[in-house]
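Accompanying notes for the structure given below.
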Amino acid sequence: MAQNCEGVKLGFDADHKPQNTARDIVGQSLDDIIERGYILFAVYEDFAPYSWHDGSQLRGVDIELGQLIAEELGVEARFFETAAGENVDADLRFNVWKGKLIGGQIANVMLHVPYNRELGCRNEQVVLTGQYYNEQLAIAYRRDAYEDGGPTPPYFRFDEVGVENDSLSDFYLTSFMNGALVPKMTRYPTPAAAMEGLQNGDIKAVMGARAQLEHGLSDELDIHQPPLPGLALGEWTLGVAVRHTWRALGYAVDDAIRAGVNDGRVAAIFEKFRLSYSKPEW
């Protein structure tokens with residue numbers, strides 16, 4: 001990342017154990033990838049609209065983004081699905097620069113990684129690059145429950161609202177107004193399950209990442225982005241991660257994504273899945 005790490009605690013001064021850097025050679029160089037004819041991407045499993053199974057076919061925004069990158073490099077795109085770990089740091093360790101303790105694969109590129117200065121400084125073994133989308137928190141709601149427009153968080157003192165369990169939306173609404181909303185909150189295992197509950201009328205609204213809410217919209221539902229007082233992070237940029245030893249690969253992937261953003265191909269991918277596109281600010 002083109003930013004310094006001043007103010008971020010690293011090494012033995014950090015609030016976490018230093019990273020194990022014993023494995024120096026993991027993954028393949030750009031030349032190796034081109035010579036063998038394919039590039040391997042890590043994507044999150046069961047993570048619509050970014051990566052999920054439609055029958056036997058793997059579909060989603062990140063799948064088509066990987067295919068765009070591979071086409072720019074002149075190779076085939078291959079994917080493996082990975083479960084989300086305890087945090088993004090663990091996901092990078094397991095899938096990009098070290099690997100799982102037992103089994104698993106190492107990706108050349110991991111998709112859907114937050115482009116974040118602190119994250120990059122904490123994980124010296126990866127390079128964060130390839131910004132392709134700005135994600136934002138939003139609220140989906142039933143039109144018949146809010147005929148005058150979408151709700152704001154104070155409505156949920158009285159109205160049932162759904163969130164994905166242990167998500168940013170869950171933490172925000174739990175702490176809002178000193179916990180006054182908790183009795184009306186319903187936690188679901190996934191945003192898709194929450195949107196299904198909204199569709200069925202079990203709840204009146206769902207708070208979550210805009211793209212995931214849009215994926216579950218119907219004619220009876222709508223979505224908006226109201227002010228969220230007290231929220232420190234309501235918007236974040238998505239990019240990719242590459243192991244730090246393969247800088248040439250990182251540059252090539254970044255160039256491919258920037259070309260796709262600039263000529264509209266990335267926006268077209270989001271539109272194909274009926275998602276609004278928010279271009280990253282470079």
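In the structure tokens, chains take the letters A, B, ... in the order shown, each chain's residues start at 1, and ligands count up from 1 in the order shown.
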Could you find all residues in range 135-195 of chain A that DSSP calls alpha helix (DSSP H) from the backbone, and write them as JSON, numbers by chain? {"A": [168, 169, 170, 171, 172, 173, 174, 175, 191, 192, 193, 194, 195]}
Write to file, as a PDB file, in the first residue's frame, the residues of the selection just made, with C-alpha atoms.
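Once written, result14.pdb looks like this:
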ATOM      1  CA  LEU A 168     -21.109  -4.719  11.922  1.00  0.00           C
ATOM      2  CA  SER A 169     -24.860  -4.035  11.781  1.00  0.00           C
ATOM      3  CA  ASP A 170     -25.425  -6.330  14.769  1.00  0.00           C
ATOM      4  CA  PHE A 171     -22.778  -4.540  16.860  1.00  0.00           C
ATOM      5  CA  TYR A 172     -24.048  -1.098  15.846  1.00  0.00           C
ATOM      6  CA  LEU A 173     -27.723  -1.683  16.607  1.00  0.00           C
ATOM      7  CA  THR A 174     -26.901  -3.548  19.840  1.00  0.00           C
ATOM      8  CA  SER A 175     -24.994  -0.523  21.164  1.00  0.00           C
ATOM      9  CA  PRO A 191     -27.981 -11.681   5.192  1.00  0.00           C
ATOM     10  CA  ALA A 192     -29.881 -13.897   2.734  1.00  0.00           C
ATOM     11  CA  ALA A 193     -31.761 -15.524   5.614  1.00  0.00           C
ATOM     12  CA  ALA A 194     -32.554 -12.093   7.054  1.00  0.00           C
ATOM     13  CA  MET A 195     -33.894 -10.917   3.689  1.00  0.00           C
TER      14      MET A 195
END
May I have the residues within 9 Å of Phe80 in chain A as number ranges by chain, using only C-alpha atoms and disregarding those fewer than 2 positions away in the same chain? A: 40-45, 78, 82, 105, 107
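Near Asn165 in chain A, within 7 Å and counting only C-alpha atoms, sit A:Asp170, A:Arg187, A:Tyr188, A:Pro189, not including residues fewer than 3 positions from it in the same chain.
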Please identify the strand (DSSP E or B) residues within range 210-252 of chain A (assignment by DSSP from backbone atoms) and present them as a list of chain:residue names.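 Those residues are A:Leu221, A:Asp222, A:Ile223, A:His224, A:Glu235, A:Trp236, A:Thr237, A:Leu238, A:Gly239, A:Val240, A:Ala241, A:Val242, A:Arg243.
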With only C-alpha atoms as the counted atoms, please give the residues lying no more than 10 Å from range 249-261 of chain A, apart from itself and same-chain residues fewer than 6 positions off, as a PyMOL selection string. chain A and resi 28-31+33+65-66+68-73+108-109+126-133+239-243+267-269+279-280+282
Limited to C-alpha atoms, could you put the picked residues into a file as a JSON list (two decimals), in the first residue's frame?
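Contents of the output file result-v5.json:
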[["chain", "number", "residue", "atom", "x", "y", "z"],
["A", 28, "GLN", "CA", 3.64, -18.68, -7.79],
["A", 29, "SER", "CA", 5.19, -15.77, -9.63],
["A", 30, "LEU", "CA", 3.43, -14.02, -12.52],
["A", 31, "ASP", "CA", 5.72, -15.87, -14.96],
["A", 33, "ILE", "CA", 1.13, -18.46, -13.63],
["A", 65, "LEU", "CA", -14.17, -10.28, -11.53],
["A", 66, "GLY", "CA", -11.68, -13.14, -11.32],
["A", 68, "LEU", "CA", -11.94, -10.48, -15.98],
["A", 69, "ILE", "CA", -8.51, -10.49, -14.32],
["A", 70, "ALA", "CA", -7.59, -13.83, -15.87],
["A", 71, "GLU", "CA", -8.65, -12.66, -19.32],
["A", 72, "GLU", "CA", -6.43, -9.60, -18.99],
["A", 73, "LEU", "CA", -3.51, -11.88, -18.03],
["A", 108, "ASN", "CA", -2.49, -16.52, -6.00],
["A", 109, "VAL", "CA", -5.09, -13.83, -5.32],
["A", 126, "VAL", "CA", 0.44, -9.50, 1.96],
["A", 127, "VAL", "CA", -0.07, -6.57, -0.37],
["A", 128, "LEU", "CA", -3.56, -5.07, -0.55],
["A", 129, "THR", "CA", -4.34, -3.75, -4.01],
["A", 130, "GLY", "CA", -6.91, -3.85, -6.82],
["A", 131, "GLN", "CA", -9.66, -1.66, -5.36],
["A", 132, "TYR", "CA", -12.89, -2.37, -7.24],
["A", 133, "TYR", "CA", -15.95, -1.36, -5.17],
["A", 239, "GLY", "CA", -9.95, -4.96, -3.14],
["A", 240, "VAL", "CA", -7.72, -8.03, -3.40],
["A", 241, "ALA", "CA", -4.73, -9.50, -1.55],
["A", 242, "VAL", "CA", -1.53, -10.95, -3.02],
["A", 243, "ARG", "CA", 1.46, -12.39, -1.16],
["A", 267, "ALA", "CA", -19.79, -1.77, -13.31],
["A", 268, "ALA", "CA", -21.44, -4.09, -15.85],
["A", 269, "ILE", "CA", -20.69, -7.10, -13.62],
["A", 279, "LYS", "CA", -16.67, 3.23, -7.93],
["A", 280, "PRO", "CA", -13.67, 3.35, -5.57],
["A", 282, "TRP", "CA", -8.17, 6.15, -6.04]]
Taking into account only C-alpha atoms, which residue in the set A:Val266, A:Leu233, A:Leu198, A:Leu119 is nearest to Ala145 in chain A?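 Looking only at the distances to Ala145 in chain A, the closest residue turns out to be A:Leu198.
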Quick one: distance from CA of Asp91 in chain A to CA of Arg117 in chain A in Å, one decimal?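 Calculated distance between CA of Asp91 in chain A and CA of Arg117 in chain A is 16.6 Å.
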For Val61 in chain A, which residue among A:Glu135, A:Asp202, A:Glu281, A:Glu271 is the nearest when counting only C-alpha atoms? A:Glu271
